Each structure stands twice: as C-alpha cells, then as structure tokens.
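For reference, input_7.pdb (PDB, C-alpha atoms):
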```pdb
ATOM      1  CA  MET K   1     -19.344  10.889  -0.224
ATOM      2  CA  ARG K   2     -20.288  12.930  -3.276
ATOM      3  CA  ASP K   3     -17.432  15.353  -2.512
ATOM      4  CA  LEU K   4     -14.965  12.485  -2.202
ATOM      5  CA  GLY K   5     -16.098  11.205  -5.583
ATOM      6  CA  GLN K   6     -14.975  14.487  -7.171
ATOM      7  CA  VAL K   7     -11.335  14.050  -6.080
ATOM      8  CA  GLN K   8      -9.131  13.389  -9.119
ATOM      9  CA  SER K   9      -5.863  12.918  -7.245
ATOM     10  CA  ALA K  10      -4.473  13.243  -3.743
ATOM     11  CA  LYS K  11      -1.207  12.612  -1.957
ATOM     12  CA  ALA K  12      -0.489  12.302   1.772
ATOM     13  CA  ARG K  13       2.198  11.088   4.143
ATOM     14  CA  PHE K  14       1.402   8.288   6.573
ATOM     15  CA  VAL K  15       2.732   6.694   9.742
ATOM     16  CA  GLU K  16       1.545   3.148  10.481
ATOM     17  CA  ARG K  17       2.255   1.405  13.771
ATOM     18  CA  LYS K  18       2.076  -2.366  14.063
ATOM     19  CA  TYR K  19       1.896  -3.881  17.521
ATOM     20  CA  LEU K  20       3.281  -7.404  17.724
ATOM     21  CA  LYS K  21       3.692  -9.485  20.876
ATOM     22  CA  VAL K  22       7.216 -10.505  19.885
ATOM     23  CA  LEU K  23       8.394  -6.861  19.803
ATOM     24  CA  ASN K  24       9.010  -4.611  22.806
ATOM     25  CA  ALA K  25       7.981  -1.513  20.840
ATOM     26  CA  PRO K  26       5.620  -1.034  17.898
ATOM     27  CA  LEU K  27       7.015  -1.351  14.390
ATOM     28  CA  GLU K  28       6.666   2.050  12.737
ATOM     29  CA  LEU K  29       6.337   2.378   8.972
ATOM     30  CA  ARG K  30       6.482   5.743   7.191
ATOM     31  CA  GLY K  31       5.726   6.658   3.627
ATOM     32  CA  THR K  32       3.279   8.220   1.191
ATOM     33  CA  LEU K  33      -0.160   7.366  -0.168
ATOM     34  CA  THR K  34      -1.116   8.530  -3.651
ATOM     35  CA  TYR K  35      -4.584   8.284  -5.207
ATOM     36  CA  ASN K  36      -5.428   8.885  -8.871
ATOM     37  CA  ALA K  37      -9.039   8.589 -10.053
ATOM     38  CA  PRO K  38     -10.772   6.436 -10.862
ATOM     39  CA  GLY K  39      -9.009   3.443  -9.294
ATOM     40  CA  ARG K  40      -5.290   3.730  -8.667
ATOM     41  CA  LEU K  41      -3.951   3.766  -5.105
ATOM     42  CA  GLU K  42      -0.257   3.536  -4.261
ATOM     43  CA  LYS K  43       1.227   2.977  -0.810
ATOM     44  CA  ARG K  44       4.956   3.683  -0.886
ATOM     45  CA  THR K  45       6.760   2.778   2.348
ATOM     46  CA  HIS K  46      10.099   4.555   2.798
ATOM     47  CA  SER K  47      11.155   3.244   6.205
ATOM     48  CA  PRO K  48      12.066   0.953   7.822
ATOM     49  CA  ARG K  49      12.494  -0.670   4.377
ATOM     50  CA  PRO K  50      11.323   0.426   0.933
ATOM     51  CA  GLU K  51       8.230  -1.307  -0.396
ATOM     52  CA  THR K  52       5.469  -0.279  -2.802
ATOM     53  CA  LEU K  53       1.915  -1.603  -2.979
ATOM     54  CA  THR K  54      -0.082  -0.459  -6.001
ATOM     55  CA  LEU K  55      -3.776  -1.135  -6.458
ATOM     56  CA  ASP K  56      -4.785  -0.407 -10.029
ATOM     57  CA  GLY K  57      -8.325  -1.507 -10.785
ATOM     58  CA  ASP K  58      -8.432  -5.248 -10.082
ATOM     59  CA  ARG K  59      -4.644  -5.718  -9.878
ATOM     60  CA  LEU K  60      -2.463  -5.491  -6.770
ATOM     61  CA  THR K  61       1.290  -5.205  -7.329
ATOM     62  CA  ILE K  62       3.762  -5.606  -4.471
ATOM     63  CA  GLU K  63       7.323  -4.438  -5.047
ATOM     64  CA  ASN K  64      10.073  -5.069  -2.512
ATOM     65  CA  GLN K  65      13.122  -3.027  -3.521
ATOM     66  CA  ALA K  66      15.418  -4.628  -0.916
ATOM     67  CA  ARG K  67      14.776  -8.103  -2.322
ATOM     68  CA  ARG K  68      14.429  -6.848  -5.894
ATOM     69  CA  GLU K  69      11.214  -8.753  -6.360
ATOM     70  CA  SER K  70       7.774  -7.906  -7.639
ATOM     71  CA  ARG K  71       4.478  -9.819  -7.444
ATOM     72  CA  SER K  72       1.231  -9.037  -9.166
ATOM     73  CA  LEU K  73      -2.147 -10.456  -8.132
ATOM     74  CA  ARG K  74      -5.621 -10.223  -9.621
ATOM     75  CA  LEU K  75      -8.069  -9.430  -6.820
ATOM     76  CA  GLN K  76     -10.751 -11.644  -8.334
ATOM     77  CA  ASP K  77      -8.449 -14.600  -7.607
ATOM     78  CA  TYR K  78      -8.180 -13.588  -3.907
ATOM     79  CA  PRO K  79     -11.638 -12.844  -2.440
ATOM     80  CA  VAL K  80     -10.145 -12.093   1.007
ATOM     81  CA  LEU K  81      -8.088  -9.219  -0.442
ATOM     82  CA  ARG K  82     -10.976  -7.925  -2.477
TER
END
```

Written as structure tokens, that's how I'd like the structure from this file.
Amino acid sequence: MRDLGQVQSAKARFVERKYLKVLNAPLELRGTLTYNAPGRLEKRTHSPRPETLTLDGDRLTIENQARRESRSLRLQDYPVLR
C-alpha cells in the first residue's frame, strides 16, 4: 500500500463486461482509466458509446457526449456512491 501511495499518475486501458439477463451476449465497454494524485480518477469509455466519469475529490462528474449532457454530484450528498 505504501508503494501505491507514491504513484503520482497512471494510465491504463480497460475492458468491462456487463452480463444482463435481457442480452444474449455480455455488453463490452472499452476505454481508458487515468489517475492523478492525490484524488482525481477519470474513466473514459470509448465504445460502445463515448462517456466520461471523473472523480475529483468529493465531486463526481458524468459526461455523455452522445446526449451532450453533463451532471455533477457531490459524494457527500450520495452516501451510497461514497
């Protein structure tokens, strides 16, 4: 854990599979994760549709490029997300 605490920034690609009963095959999302110390994490999904989730301190921002909408939430107002 001490070694992880020394990381100032990191970037990685991800593949996430969601299994839903209504689908015959898993939904596969691909994108990148970016971390910048001390508390900024960004999940940028490239496919199947572009979407960005940014956690910066106590604020979560969700951007949906296809719908051209953005929402910002304070985590203290949503204990389940926290």

Using all atoms listed in the file, find each residue of range 50-69 of chain K with at least one atom at most 9 Å away from an atom of range 38-44 of chain K; report its shortest atom-to-atom pair and that distance in Å (one decimal), sort the rows by chain and rising residue number, and return the result as JSON lines.
```
{"residue": "K:Pro50", "atom": "CA", "partner": "K:Arg44", "partner_atom": "CA", "distance": 7.4}
{"residue": "K:Glu51", "atom": "CA", "partner": "K:Arg44", "partner_atom": "CA", "distance": 6.0}
{"residue": "K:Thr52", "atom": "CA", "partner": "K:Arg44", "partner_atom": "CA", "distance": 4.4}
{"residue": "K:Leu53", "atom": "CA", "partner": "K:Lys43", "partner_atom": "CA", "distance": 5.1}
{"residue": "K:Thr54", "atom": "CA", "partner": "K:Glu42", "partner_atom": "CA", "distance": 4.4}
{"residue": "K:Leu55", "atom": "CA", "partner": "K:Leu41", "partner_atom": "CA", "distance": 5.1}
{"residue": "K:Asp56", "atom": "CA", "partner": "K:Arg40", "partner_atom": "CA", "distance": 4.4}
{"residue": "K:Gly57", "atom": "CA", "partner": "K:Gly39", "partner_atom": "CA", "distance": 5.2}
{"residue": "K:Asp58", "atom": "CA", "partner": "K:Gly39", "partner_atom": "CA", "distance": 8.7}
```

Quiz item: Using all atoms listed in the file, which of the listed residues (K:Thr34, K:Ser72, K:Ser47, K:Asn64) sits closest to Val15 in chain K?
Solution: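 So, comparing all the options, the nearest one is K:Ser47.
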
Quiz item: What is the distance between CA of Arg49 in chain K and CA of Thr61 in chain K, in Å to one decimal?
Solution: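 A separation of 16.8 Å between them.
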
Quiz item: What lies within 10 Å of Asn36 in chain K using only C-alpha atoms, ignoring chain neighbours under 6 positions off, as JSON, numbers by chain?
Solution: {"K": [7, 8, 9, 10, 11, 42, 56]}

Practice problem: Work out how far apart CA of Asp77 in chain K and CA of Arg59 in chain K are and give it in Å to one decimal. | Solution: 9.9 Å

Practice problem: Have a look at CA of Lys21 in chain K and CA of Thr45 in chain K and let me know their distance in Å, one decimal. | Solution: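 According to the coordinates, CA of Lys21 in chain K and CA of Thr45 in chain K are separated by 22.4 Å.
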
Quiz item: When distances are computed from only C-alpha atoms, which of K:Ala66, K:Ala37, K:Val80, K:Leu75 shows the smallest separation from Gln6 in chain K?
Solution: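 The closest residue to Gln6 in chain K is K:Ala37.
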